[in-house]
Structure formats: structure tokens, C-alpha cells
>>> print(open('my_file.txt').read())   # compact mmCIF, C-alpha atoms
# COMPACT_ATOMS: atom_id res chain seq x y z
CA MET A 508 0.08 -23.20 6.65
CA ARG A 509 3.67 -22.19 5.96
CA ARG A 510 3.74 -24.75 3.16
CA TYR A 511 1.20 -22.58 1.40
CA LEU A 512 3.44 -19.50 1.44
CA MET A 513 6.47 -21.53 0.43
CA ALA A 514 4.55 -22.84 -2.58
CA LEU A 515 3.60 -19.30 -3.56
CA MET A 516 7.17 -18.05 -3.23
CA LEU A 517 8.47 -20.96 -5.28
CA THR A 518 5.91 -20.23 -7.98
CA THR A 519 6.97 -16.59 -8.04
CA ILE A 520 10.65 -17.47 -8.31
CA THR A 521 9.95 -20.01 -11.05
CA LEU A 522 7.85 -17.50 -12.96
CA SER A 523 10.52 -14.83 -12.76
CA LEU A 524 13.23 -17.25 -13.86
CA ALA A 525 11.02 -18.36 -16.71
CA SER A 526 10.45 -14.76 -17.76
CA CYS A 527 14.21 -14.05 -17.58
CA ALA A 528 14.95 -17.02 -19.85
CA HIS A 529 12.13 -15.95 -22.14
CA ASN A 530 13.40 -12.37 -22.37
CA ARG A 531 16.88 -13.47 -23.35
CA ASN A 532 15.63 -14.96 -26.61
CA GLN A 533 13.28 -12.05 -27.18
CA ALA A 534 13.56 -8.83 -29.14
CA THR A 535 15.15 -5.75 -27.53
CA LEU A 536 12.98 -3.37 -25.54
CA TYR A 537 13.37 -0.89 -28.42
CA GLU A 538 11.75 -3.41 -30.78
CA ARG A 539 9.04 -4.34 -28.28
CA LEU A 540 8.21 -0.64 -27.83
CA GLY A 541 7.55 -0.53 -31.56
CA GLY A 542 10.84 0.94 -32.78
CA GLN A 543 11.49 4.55 -33.76
CA PRO A 544 8.00 5.31 -35.21
CA THR A 545 6.33 4.45 -31.89
CA ILE A 546 8.98 6.23 -29.81
CA ASP A 547 8.52 9.38 -31.92
CA ALA A 548 4.73 9.10 -31.55
CA VAL A 549 5.04 8.64 -27.77
CA VAL A 550 7.29 11.70 -27.49
CA GLU A 551 4.85 13.83 -29.50
CA ASN A 552 1.89 12.54 -27.45
CA LEU A 553 3.81 13.29 -24.23
CA LEU A 554 4.58 16.85 -25.37
CA TYR A 555 0.89 17.53 -26.08
CA ARG A 556 0.06 16.29 -22.56
CA ILE A 557 2.76 18.51 -21.04
CA ALA A 558 1.53 21.48 -23.08
CA ASP A 559 -1.91 20.99 -21.48
CA ASP A 560 -0.50 20.73 -17.94
CA ALA A 561 -0.07 24.20 -16.45
CA GLU A 562 2.09 22.92 -13.58
CA VAL A 563 4.67 21.30 -15.82
CA VAL A 564 4.64 23.38 -19.01
CA VAL A 565 6.35 26.30 -17.25
CA PHE A 566 9.63 24.36 -17.27
CA PHE A 567 9.57 24.42 -21.07
CA ALA A 568 9.14 28.19 -21.45
CA ASN A 569 12.65 28.67 -22.87
CA THR A 570 12.96 25.28 -24.54
CA ASN A 571 13.30 24.67 -28.27
CA ILE A 572 10.60 22.01 -28.47
CA ASP A 573 11.79 20.44 -31.74
CA LEU A 574 15.30 19.97 -30.36
CA PHE A 575 13.90 18.69 -27.06
CA ALA A 576 11.67 16.14 -28.83
CA GLU A 577 14.59 14.88 -30.90
CA SER A 578 16.84 14.64 -27.86
CA LEU A 579 14.24 12.82 -25.75
CA ALA A 580 13.48 10.37 -28.59
CA SER A 581 17.18 9.54 -28.94
CA GLN A 582 17.44 9.07 -25.17
CA LEU A 583 14.46 6.66 -25.11
CA CYS A 584 15.94 4.82 -28.12
CA ASP A 585 19.35 4.57 -26.41
CA ILE A 586 18.01 3.44 -23.04
CA SER A 587 15.86 0.74 -24.68
CA ASP A 588 18.88 -0.75 -26.51
CA GLY A 589 17.94 0.79 -29.88
CA PRO A 590 20.41 1.88 -32.59
CA CYS A 591 20.94 5.40 -31.17
CA ARG A 592 23.33 7.16 -28.84
CA TYR A 593 21.98 9.89 -26.59
CA GLU A 594 24.34 12.84 -26.95
CA GLY A 595 22.38 15.43 -25.02
CA PRO A 596 23.41 16.90 -21.66
CA PRO A 597 23.59 14.67 -18.57
CA MET A 598 20.32 14.58 -16.62
CA ASP A 599 21.61 16.49 -13.55
CA ARG A 600 22.92 19.40 -15.66
CA ALA A 601 19.84 19.41 -17.88
CA HIS A 602 17.56 19.98 -14.85
CA GLN A 603 19.94 22.08 -12.73
CA HIS A 604 18.19 24.61 -10.42
CA MET A 605 14.88 24.27 -12.27
CA GLY A 606 13.00 23.72 -9.03
CA VAL A 607 11.69 20.32 -10.08
CA THR A 608 9.86 18.62 -7.17
CA ASN A 609 8.48 15.10 -6.74
CA VAL A 610 5.11 16.53 -7.76
CA HIS A 611 6.43 17.56 -11.21
CA PHE A 612 8.43 14.36 -11.60
CA ASN A 613 5.38 12.18 -10.86
CA ARG A 614 3.22 14.21 -13.25
CA VAL A 615 5.63 13.62 -16.12
CA VAL A 616 5.83 9.89 -15.30
CA GLU A 617 2.02 9.73 -15.45
CA HIS A 618 1.96 11.65 -18.75
CA LEU A 619 4.62 9.36 -20.25
CA ASP A 620 2.81 6.19 -19.23
CA ALA A 621 -0.52 7.54 -20.52
CA ALA A 622 1.19 8.50 -23.81
CA MET A 623 2.63 4.99 -24.17
CA GLU A 624 -0.76 3.44 -23.41
CA GLU A 625 -2.45 5.64 -26.02
CA GLU A 626 0.19 4.70 -28.61
CA ASP A 627 -0.60 1.00 -27.95
CA VAL A 628 2.67 0.08 -26.26
CA THR A 629 2.19 -3.21 -24.39
CA LEU A 630 2.05 -3.14 -20.59
CA GLY A 631 5.23 -5.24 -20.36
CA ALA A 632 7.21 -2.80 -22.51
CA ARG A 633 5.74 0.20 -20.63
CA ASN A 634 6.76 -1.24 -17.27
CA GLU A 635 10.24 -2.13 -18.49
CA LEU A 636 10.88 1.33 -19.95
CA LEU A 637 9.62 2.98 -16.73
CA GLY A 638 11.94 0.67 -14.79
CA ARG A 639 14.92 1.75 -16.88
CA LEU A 640 14.01 5.43 -16.47
CA ALA A 641 13.42 5.20 -12.69
CA PRO A 642 17.14 5.50 -11.76
CA LEU A 643 17.22 8.87 -13.60
CA TYR A 644 15.19 10.28 -10.67
CA ALA A 645 18.34 10.56 -8.53
CA GLU A 646 20.25 12.32 -11.32
CA ILE A 647 17.43 14.74 -12.14
CA MET A 648 17.01 15.67 -8.45
CA ARG A 649 20.75 15.93 -7.66
CA LEU A 650 21.18 19.62 -8.50
CA GLN A 651 17.73 20.98 -7.60
CA MET B 713 -30.04 -3.18 43.35
CA THR B 714 -31.33 -0.60 40.93
CA LEU B 715 -27.80 0.43 40.11
CA ARG B 716 -26.73 -3.17 39.46
CA TYR B 717 -29.42 -3.60 36.82
CA THR B 718 -29.06 -0.19 35.30
CA VAL B 719 -25.41 -0.59 34.45
CA PRO B 720 -25.65 -3.68 32.20
CA MET B 721 -28.75 -2.27 30.48
CA HIS B 722 -26.92 0.94 29.90
CA LEU B 723 -23.97 -1.00 28.43
CA ALA B 724 -26.24 -3.08 26.21
CA SER B 725 -27.94 -0.02 24.79
CA LEU B 726 -24.54 1.59 24.21
CA SER B 727 -23.44 -1.47 22.24
CA THR B 728 -26.63 -1.39 20.14
CA LEU B 729 -26.13 2.30 19.57
CA SER B 730 -22.51 1.85 18.48
CA LYS B 731 -23.56 -0.88 16.04
CA ALA B 732 -26.24 1.34 14.55
CA LEU B 733 -23.70 4.15 14.24
CA LEU B 734 -21.20 1.80 12.61
CA CYS B 735 -23.79 0.66 10.10
CA ARG B 736 -24.57 4.28 9.28
CA PHE B 737 -20.87 5.00 8.96
CA PHE B 738 -20.53 2.19 6.38
CA VAL B 739 -23.43 3.55 4.36
CA ALA B 740 -22.14 7.11 4.58
CA CYS B 741 -18.66 5.96 3.63
CA PHE B 742 -20.04 4.10 0.61
CA ILE B 743 -22.11 7.04 -0.63
CA PHE B 744 -19.22 9.42 -0.07
CA SER B 745 -16.89 7.09 -1.97
CA LEU B 746 -19.29 6.90 -4.89
CA ALA B 747 -19.56 10.68 -4.90
CA ILE B 748 -15.82 11.26 -5.04
CA ALA B 749 -15.37 8.44 -7.55
CA VAL B 750 -17.53 10.22 -10.12
CA MET B 751 -16.38 13.73 -9.21
CA PRO B 752 -13.08 14.92 -10.67
CA SER B 753 -11.14 16.62 -7.92
CA HIS B 754 -7.63 17.22 -6.71
CA ALA B 755 -5.60 14.16 -5.75
CA GLY B 756 -2.05 13.70 -4.59
CA SER B 757 0.55 13.48 -7.33
CA ARG B 758 2.07 10.14 -6.42
CA ILE B 759 1.45 7.29 -8.86
CA LEU B 760 -1.77 5.26 -8.50
CA GLY B 761 -1.44 2.46 -5.95
CA THR B 762 1.73 3.75 -4.26
CA GLY B 763 -0.22 4.49 -1.05
CA GLY B 764 -1.22 0.87 -0.59
CA VAL B 765 -4.55 0.30 1.14
CA SER B 766 -5.57 0.57 4.81
CA ALA B 767 -4.27 -2.21 7.03
CA ILE B 768 -6.48 -3.39 9.94
CA GLU B 769 -4.49 -1.28 12.40
CA GLY B 770 -5.08 1.93 10.43
CA ALA B 771 -1.66 2.44 8.81
CA ALA B 772 -1.12 2.32 5.07
CA GLY B 773 -0.23 -1.22 4.12
CA GLY B 774 -1.74 -4.42 2.90
CA GLY B 775 -4.50 -5.87 5.02
CA LEU B 776 -2.69 -7.58 7.88
CA SER B 777 0.58 -5.67 7.92
CA PRO B 778 1.73 -2.06 7.61
CA TRP B 779 3.95 -1.20 4.63
CA ALA B 780 6.63 1.48 4.40
CA VAL B 781 4.56 3.61 2.01
CA LEU B 782 2.48 6.44 3.46
CA ALA B 783 -1.29 6.65 2.99
CA SER B 784 -2.95 8.36 0.02
CA THR B 785 -1.04 9.72 -2.96
CA ALA B 786 0.17 12.93 -1.31
CA SER B 787 3.70 13.91 -2.34
CA GLU B 788 6.01 16.64 -1.02
CA HIS B 789 4.08 19.91 -0.34
CA GLU B 790 0.84 17.90 -0.40
CA VAL B 791 -1.46 16.62 2.33
CA GLY B 792 -3.64 13.53 1.94
CA VAL B 793 -6.50 12.09 3.98
CA THR B 794 -7.93 8.58 3.84
CA ALA B 795 -10.94 6.90 5.44
CA ALA B 796 -11.50 3.18 5.39
CA ALA B 797 -14.12 0.67 6.43
CA THR B 798 -13.11 -2.97 6.75
CA ARG B 799 -14.87 -6.16 7.66
CA ALA B 800 -13.44 -9.65 8.11
CA TRP B 801 -15.47 -12.79 8.65
CA VAL B 802 -13.84 -15.95 9.95
CA ASP B 803 -15.48 -19.09 11.32
CA ASP B 804 -16.26 -17.88 14.86
CA TYR B 805 -15.49 -14.14 14.79
CA ARG B 806 -16.30 -10.99 12.89
CA LEU B 807 -13.91 -8.03 12.86
CA THR B 808 -15.01 -4.52 11.93
CA VAL B 809 -12.47 -1.73 11.51
CA THR B 810 -13.09 1.91 10.79
CA GLY B 811 -10.08 4.12 10.40
CA ALA B 812 -8.70 7.36 9.07
CA SER B 813 -5.23 8.63 8.31
CA LEU B 814 -3.44 11.83 7.43
CA ASN B 815 -0.33 12.03 5.26
CA ILE B 816 1.74 15.17 5.69
CA TYR B 817 4.11 15.93 2.79
CA ASP B 818 4.75 12.22 2.22
CA ARG B 819 7.00 12.38 5.27
CA ALA B 820 4.72 11.54 8.19
CA GLU B 821 1.50 9.61 8.56
CA VAL B 822 -0.83 9.64 11.56
CA SER B 823 -3.77 7.28 11.84
CA VAL B 824 -6.59 6.24 14.11
CA ALA B 825 -8.55 3.02 13.97
CA ARG B 826 -11.34 1.45 15.98
CA GLN B 827 -11.47 -2.35 15.91
CA THR B 828 -14.50 -4.31 17.07
CA LEU B 829 -14.34 -8.08 17.26
CA ASP B 830 -17.71 -9.78 17.55
CA LEU B 831 -17.38 -13.11 19.31
CA ASP B 832 -20.11 -14.88 17.34
CA THR B 833 -19.61 -18.25 19.04
CA LEU B 834 -18.36 -17.24 22.49
CA GLY B 835 -20.71 -14.27 22.81
CA GLY B 836 -19.92 -10.62 23.45
CA GLU B 837 -17.39 -8.39 21.76
CA LEU B 838 -13.87 -7.02 22.17
CA GLY B 839 -12.74 -3.62 21.01
CA GLN B 840 -9.64 -1.48 20.87
CA ASP B 841 -8.55 1.91 19.65
CA ILE B 842 -5.26 2.25 17.79
CA TYR B 843 -3.35 5.50 17.42
CA GLY B 844 -0.59 5.20 14.84
CA ALA B 845 2.27 7.28 13.50
CA LYS B 846 4.72 6.47 10.74
CA VAL B 847 7.70 8.44 9.46
CA ARG B 848 9.40 7.91 6.12
CA LEU B 849 13.13 7.66 6.81
CA LEU B 850 14.37 7.56 3.24
CA GLY B 851 13.68 6.57 -0.31
CA ASP B 852 10.76 6.03 -2.61
CA VAL B 853 8.91 2.84 -3.48
CA LEU B 854 9.39 3.45 -7.23
CA TYR B 855 12.50 5.54 -7.80
CA HIS B 856 15.02 4.72 -5.08
CA PRO B 857 17.31 1.70 -5.55
CA TRP B 858 16.70 0.65 -1.93
CA GLY B 859 12.96 1.34 -2.07
CA ILE B 860 11.26 3.19 0.79
CA TRP B 861 12.06 2.75 4.50
CA SER B 862 9.82 3.87 7.35
CA VAL B 863 9.49 3.48 11.11
CA GLY B 864 6.19 3.53 12.92
CA LEU B 865 4.42 3.00 16.19
CA GLN B 866 0.93 1.88 17.12
CA HIS B 867 -0.47 2.64 20.54
CA LYS B 868 -3.37 0.33 21.33
CA ARG B 869 -5.95 0.63 24.11
CA LEU B 870 -8.59 -1.98 24.83
CA VAL B 871 -12.10 -0.63 25.32
CA ASP B 872 -12.81 -3.28 27.99
CA GLY B 873 -9.95 -5.40 29.30
CA THR B 874 -12.02 -7.87 31.38
CA THR B 875 -11.88 -10.87 29.01
CA PRO B 876 -8.21 -10.45 27.94
CA THR B 877 -7.16 -10.09 31.60
CA ALA B 878 -9.15 -13.20 32.52
CA LEU B 879 -7.29 -15.09 29.78
CA GLY B 880 -3.99 -14.07 31.40
CA ALA B 881 -2.96 -10.87 29.61
CA ASP B 882 -0.76 -8.57 31.72
CA GLU B 883 -1.91 -5.25 30.31
CA THR B 884 -4.91 -3.67 28.61
CA HIS B 885 -2.83 -1.26 26.55
CA GLY B 886 0.43 -1.53 24.67
CA THR B 887 2.60 0.00 21.99
CA ASP B 888 4.06 -1.70 18.92
CA ILE B 889 7.03 -0.26 17.06
CA TYR B 890 8.03 -1.34 13.58
CA LEU B 891 10.53 -0.88 10.80
CA SER B 892 9.24 -1.40 7.30
CA ALA B 893 10.69 -1.47 3.79
CA SER B 894 8.82 -1.58 0.46
CA LYS B 895 10.08 -1.76 -3.09
CA LEU B 896 8.50 -2.05 -6.52
CA LEU B 897 10.38 -4.23 -9.01
CA PHE B 898 9.53 -3.02 -12.51
CA SER B 899 8.64 -5.64 -15.09
CA ALA B 900 9.72 -8.47 -12.79
CA VAL B 901 7.31 -11.26 -13.73
CA ALA B 902 5.89 -11.58 -17.24
CA GLY B 903 6.33 -7.85 -17.79
CA ARG B 904 4.34 -7.05 -14.64
CA ASN B 905 5.56 -5.01 -11.68
CA VAL B 906 6.04 -6.77 -8.36
CA LEU B 907 5.72 -5.10 -4.96
CA LEU B 908 7.75 -6.44 -2.04
CA ASN B 909 7.24 -5.49 1.60
CA ALA B 910 9.00 -6.51 4.77
CA THR B 911 8.17 -5.33 8.28
CA LEU B 912 9.90 -6.06 11.57
CA ARG B 913 7.66 -5.41 14.55
CA ASN B 914 8.38 -5.28 18.28
CA THR B 915 5.20 -6.05 20.17
CA ASP B 916 3.61 -7.68 23.18
CA ALA B 917 0.10 -7.61 21.68
CA ASN B 918 -1.93 -10.82 21.73
CA GLN B 919 -3.99 -11.27 18.53
CA GLY B 920 -2.95 -7.77 17.50
CA GLY B 921 -3.99 -6.44 20.93
CA LEU B 922 -7.61 -7.61 21.01
CA LEU B 923 -6.60 -10.23 23.60
CA GLY B 924 -4.51 -7.78 25.60
CA PHE B 925 -0.77 -7.40 25.98
CA GLY B 926 1.82 -9.78 27.42
CA GLY B 927 1.06 -13.00 29.23
CA ASN B 928 2.37 -15.93 31.21
CA GLN B 929 4.46 -17.43 28.35
CA ASP B 930 6.34 -14.43 27.01
CA GLY B 931 6.57 -10.65 26.88
CA ARG B 932 7.78 -8.44 24.04
CA SER B 933 9.27 -9.99 20.93
CA TRP B 934 10.49 -9.07 17.46
CA LEU B 935 8.30 -10.52 14.73
CA ALA B 936 8.53 -10.55 10.94
CA GLU B 937 5.81 -9.65 8.47
CA GLY B 938 5.99 -9.70 4.71
CA SER B 939 4.06 -9.57 1.51
CA VAL B 940 4.50 -9.98 -2.19
CA GLY B 941 2.10 -8.54 -4.75
CA LEU B 942 1.85 -8.61 -8.51
CA PHE B 943 0.35 -5.65 -10.37
CA VAL B 944 -1.63 -7.54 -13.02
CA THR B 945 -2.51 -4.10 -14.41
CA PRO B 946 -1.54 -0.68 -12.99
CA ARG B 947 -4.93 -0.67 -11.19
CA TRP B 948 -5.07 -4.24 -9.93
CA ILE B 949 -2.71 -6.03 -7.55
CA ILE B 950 -2.96 -9.61 -6.30
CA GLY B 951 -0.70 -11.16 -3.72
CA ALA B 952 -0.08 -12.83 -0.40
CA GLU B 953 0.69 -11.52 3.06
CA TYR B 954 2.20 -13.18 6.10
CA ARG B 955 2.38 -11.96 9.68
CA GLN B 956 4.29 -13.75 12.40
CA LYS B 957 2.55 -13.67 15.77
CA PRO B 958 3.62 -14.02 19.40
CA ASP B 959 2.27 -16.77 21.64
CA ASN B 960 2.07 -15.19 25.09
CA LEU B 961 -1.06 -16.81 26.51
CA SER B 962 -1.10 -20.47 27.53
CA GLU B 963 -4.91 -20.26 27.73
CA ALA B 964 -5.26 -19.04 24.15
CA ARG B 965 -2.76 -20.41 21.67
CA GLU B 966 -1.95 -17.99 18.84
CA ASP B 967 -0.92 -18.71 15.24
CA ASP B 968 0.68 -16.70 12.47
CA TRP B 969 -1.71 -14.89 10.12
CA GLN B 970 -1.78 -15.13 6.36
CA SER B 971 -3.86 -13.89 3.50
CA LEU B 972 -4.25 -13.98 -0.24
CA TYR B 973 -5.43 -10.58 -1.42
CA SER B 974 -6.67 -8.68 -4.43
CA ALA B 975 -6.91 -4.90 -4.43
CA TYR B 976 -8.40 -2.76 -7.17
CA PHE B 977 -7.72 0.97 -7.45
CA PHE B 978 -10.67 2.54 -9.30
CA ASN B 979 -8.75 5.82 -9.26
CA LYS B 980 -6.64 7.77 -6.76
CA HIS B 981 -9.72 8.25 -4.59
CA LEU B 982 -11.19 4.81 -4.24
CA SER B 983 -9.92 1.27 -3.74
CA LEU B 984 -11.57 -2.01 -2.86
CA THR B 985 -9.64 -4.89 -1.31
CA GLY B 986 -10.81 -8.46 -0.96
CA ALA B 987 -8.88 -11.24 0.72
CA TRP B 988 -8.99 -14.79 1.92
CA LEU B 989 -7.72 -15.10 5.48
CA ASP B 990 -6.18 -17.91 7.47
CA LEU B 991 -5.74 -16.65 11.03
CA GLY B 992 -5.19 -20.00 12.79
CA ASP B 993 -6.38 -20.50 16.37
CA ILE B 994 -8.01 -17.54 18.13
CA ALA B 995 -8.96 -17.63 21.85
CA GLY B 996 -9.24 -21.40 21.96
CA LEU B 997 -11.25 -21.80 18.75
CA PRO B 998 -9.21 -23.57 16.08
CA SER B 999 -8.40 -22.80 12.47
CA GLN B 1000 -10.15 -19.50 11.81
CA ARG B 1001 -10.56 -18.92 8.07
CA GLY B 1002 -12.72 -16.58 6.09
CA GLY B 1003 -13.09 -13.51 3.94
CA TYR B 1004 -12.12 -9.85 4.11
CA LEU B 1005 -13.44 -6.74 2.40
CA SER B 1006 -12.11 -3.21 2.74
CA LEU B 1007 -13.14 0.00 1.07
CA GLN B 1008 -10.81 2.99 1.17
CA ALA B 1009 -11.48 6.55 0.14
CA ALA B 1010 -8.60 8.98 -0.28
CA PHE B 1011 -8.52 12.69 -1.02
>>> encode(input="my_file.txt", output="C-alpha cells")
Amino acid sequence: MRRYLMALMLTTITLSLASCAHNRNQATLYERLGGQPTIDAVVENLLYRIADDAEVVVFFANTNIDLFAESLASQLCDISDGPCRYEGPPMDRAHQHMGVTNVHFNRVVEHLDAAMEEEDVTLGARNELLGRLAPLYAEIMRLQ
Amino acid sequence: MTLRYTVPMHLASLSTLSKALLCRFFVACFIFSLAIAVMPSHAGSRILGTGGVSAIEGAAGGGLSPWAVLASTASEHEVGVTAAATRAWVDDYRLTVTGASLNIYDRAEVSVARQTLDLDTLGGELGQDIYGAKVRLLGDVLYHPWGIWSVGLQHKRLVDGTTPTALGADETHGTDIYLSASKLLFSAVAGRNVLLNATLRNTDANQGGLLGFGGNQDGRSWLAEGSVGLFVTPRWIIGAEYRQKPDNLSEAREDDWQSLYSAYFFNKHLSLTGAWLDLGDIAGLPSQRGGYLSLQAAF
């Protein structure tokens, strides 16, 4: 009975090791996302979704959307090991006292994932990018 | 004399009535689920699947074990309600669970569940009511580096303690407490997300409480439960669950429980879980294996 579980755990560990080894020889996340053209398309798609979402769009009332899009694209490029350096404000300062709650945060995560799916980003690349963005939650919420 | 015969007849008709009601509840639950599945309506803002499904004791979790996540997809400032109907078939028993839970601001969860175990081979049935509460201590299953941590309790009361007491159980009611942690690992296996859960439970419940509480071999003990699941897609998770069990009754040896499960989230309102169970020996009947189906509606 326990042998069964052990076998499953071993399989899981083997699979994850195999995927680690596989990833090492693979392209960067930036390349697997589809490079800058796809990142730009995802950002544009995301902004249309935000524009249609009354609960979230209010945060962008005083935002220069073109600058924001450029900044977000460079951040996604940077965080996915692409040839960019994000030079915008740190995440805590950028969201300071905006009143962002978990509700808003989750909505934007859903919009981003839906945008990636619509722009034909593979599930593996979507999950990995979301995983790299997840730690930003603490920074974004620090000064609320 | 009259009284003697009236009582069992009265009990029998009550049992038939409760079965008919249960059947109706399943049908109503199914129709209601279909209705909300096709109807766009407000749902909690947490990401799909982060509320788990309904465990057999009513709390949000896998099937056999509670997880640290709270039921439904309610987030802060939001309230979520779930209802679930579950049936498990093993060689000599059939378990039916109906339950409901309330998530308040993704901080506290309260739940109720009614379990009925039909003793297909031995005859008769056992039942218990479970009142549960769970509080999120810290974290988030997706965003926090340590995942989410919760504590919970489950107060269980047998409907009729005659059989469990005859088998040697000390009590007909008991309370479990547990500490649980859950964490999603993004892109962990072949680009898929992996969900890990660990629960430490202090309990004196025999077979989850259906065979009473405590016994001649042991009293309360700390037991470990765990699960691992792989999100094949954001809507579909497959995995395995394990639940360590006490062994308090010399008359009814008890084994650890395990399952292989598959849960599909049609949307934030409806999920269907199927599983293969291996529950070991139950009340003297060996090697109980079988299937499990659970439908959960959330809104």
C-alpha cells in the first residue's frame, strides 16, 4: 500500500529532475514566450481586458497608457531573461496607497493569463511567467 | 408490547424517508449545478481551483484530507458558499456525504457535513454529523513563498453510537484539530503547476469517527496526511492523497487511507471529482477498495 505512494513520489521526483535537466538546454523563457512581438501583443491584449474591467480600470485613470505599456513590456522581457532591463519604478512605490486589494490583484492575474492564452503562449511558458511574477505580490501589497 | 414494535418501525420509516430525501437532494443539487454552470453570475475573485474541492468531512480539501485553502473562490471582502454531494463505493460499504461550507473574507471557513455509511454486507447503517471551522493563519497558496497555512477543527457526533460502542469505542462524539499547509509550485513538472498539501491532525476518531472515538488500544494521536496534485491544465488536476489513521480498536483493525484522484473545474461554480480509493480494512472486512465521485457547486 505504501509502496504505491512511494512509487508515485519517485516518479514525480524523476519527472521534475528530468524537466530541470531538459530546461537547462532549452531556450530562455523570453524565447519560449515568443520574444518581443508576443510580449508586446500580450501587453496590448491585457490592456484591452483591463479597459473593459470597471473594477480595475479606475487605477489607470491618471496613467499614460503608452508609457505604461512600454514599461510593462520591458519588465516582462527582463523577468523572462530577455535582452531588456526594466528601469521603471520599484513595484512597491509604483502601487503605493492605490488601495489595491487581493480582488484587484487576482483580476489582473486572470486577465494576464487569458491574454497569454489568446496570444498562443504555451501553457508551460504561461505557468513559468506567472511563477516569476508571483513574488511581486508581496512588493505590490507592501505599501497599500 | 405495542411500544416495542412501534419504535423499530418508526426508525425504519425514518431511514427510508432520509434516503428518499437524500436522493432528492442529489437530483436538486445536480439541476442547481447545471443551472449555475450555464448562467453567468458573480463568483469570488480567487483563481480557478484555489478553493480545492469538498473533502468527505466538509472542509475544503482533496477528498480524504482537508487542505489549508478555504472553500470557494472568495477573496478579501468577499463571501463564498459551497454545497457538495459525494458518494464512495468500496467492496462492502457505501458512503454518502452531503455538505455545505461558508467562506468569510478568505479568512475563516465554517462547514457542516452529514455522512451516512451503508453497511452493505454487515447490514444497517452508521451516520455522523460534522461541524467544521478553519482559519487561515497566513499566506496564499499562489503568491506567498511559504504557501498558505491554516488551523481547523472538526466536531463529530454519531447519529447512533450503538454499533461503535459495541466494537469498543469510548465515545460517540469527538473533536479533531488540524494544522494544514498548501503550496502551488509553478511550472514544476513539464511546465505544469504542482500542488502540495500537508496536514497534521490530532484525533481519536476511528474510521474518521464513523466507528466512534477512542478505544482499548489507544486514545488521541497526531497523524499525518498529505497529497500531491498536478494541474494538467488550469482546469484539471490529477494526483494522489494519503491519510494516516489511528488503530484504537482491537475488534476492528484500521488501515491508512489512500486515493488517486482527478478533479475537473468546469468554471468557478462547478467541479467534479473522481477517485480510486484504497481504504484498507474497515470493521473487520479486509481490503476495501472502490470508486469515489463528488460534485461541488460554489457561488
>>> interface_residues(input="my_file.txt", of="chain B", to="chain A", cutoff="8 Å", atoms="all atoms listed in the file", output="list in words")
Ser757, Arg758, Ile759, Ser787, Glu788, Leu854, Tyr855, His856, Pro857, Leu897, Phe898, Ser899, Ala900, Val901, Ala902, Gly903, Arg904, Asn905, Thr945, Ala952 and Tyr954 of chain B
>>> residues_around(input="my_file.txt", residues="range 937-939 of chain B", least_positions_apart="5", cutoff="8 Å", atoms="all atoms listed in the file", output="VMD selection string")
chain B and resid 774 777 908 to 913 951 to 956
>>> residues_around(input="my_file.txt", residues="Asp993 in chain B", least_positions_apart="2", cutoff="12 Å", atoms="all atoms listed in the file", output="JSON, numbers by chain")
{"A": [508], "B": [802, 803, 804, 805, 918, 919, 957, 959, 963, 964, 965, 966, 967, 968, 969, 990, 991, 995, 996, 997, 998, 999, 1000, 1001]}
>>> residues_around(input="my_file.txt", residues="range 927-934 of chain B", least_positions_apart="3", cutoff="6 Å", atoms="only C-alpha atoms", output="PyMOL selection string")
chain B and resi 880-882+913-916+960-961
>>> axis_aligned_box(input="my_file.txt", around="range 780-788 of chain B", padding_each_side="5 Å", output="lines of an AutoDock Vina configuration file")
center_x = 1.8
center_y = 9.1
center_z = 0.7
size_x = 19.6
size_y = 25.2
size_z = 17.4
>>> build_atoms(input="my_file.txt", residues="range 809-820 of chain B", atoms="N, CA and C atoms", output="compact mmCIF listing (two decimals), keeping the file's coordinate frame")
# COMPACT_ATOMS: atom_id res chain seq x y z
N VAL B 809 -13.46 -2.79 11.26
CA VAL B 809 -12.47 -1.73 11.51
C VAL B 809 -12.90 -0.48 10.76
N THR B 810 -12.92 0.63 11.46
CA THR B 810 -13.09 1.91 10.79
C THR B 810 -11.85 2.73 11.13
N GLY B 811 -11.32 3.41 10.15
CA GLY B 811 -10.08 4.12 10.40
C GLY B 811 -9.91 5.31 9.49
N ALA B 812 -9.01 6.18 9.88
CA ALA B 812 -8.70 7.36 9.07
C ALA B 812 -7.21 7.66 9.23
N SER B 813 -6.64 8.27 8.20
CA SER B 813 -5.23 8.63 8.31
C SER B 813 -4.95 9.94 7.60
N LEU B 814 -3.85 10.54 7.99
CA LEU B 814 -3.44 11.83 7.43
C LEU B 814 -1.99 11.70 7.01
N ASN B 815 -1.71 12.06 5.76
CA ASN B 815 -0.33 12.03 5.26
C ASN B 815 0.14 13.46 5.08
N ILE B 816 1.21 13.81 5.77
CA ILE B 816 1.74 15.17 5.69
C ILE B 816 3.02 15.18 4.88
N TYR B 817 2.94 15.74 3.68
CA TYR B 817 4.11 15.93 2.79
C TYR B 817 4.83 14.63 2.45
N ASP B 818 4.14 13.53 2.49
CA ASP B 818 4.75 12.22 2.22
C ASP B 818 5.98 11.98 3.11
N ARG B 819 5.92 12.55 4.30
CA ARG B 819 7.00 12.38 5.27
C ARG B 819 6.48 11.71 6.53
N ALA B 820 5.28 12.10 6.96
CA ALA B 820 4.72 11.54 8.19
C ALA B 820 3.26 11.16 7.97
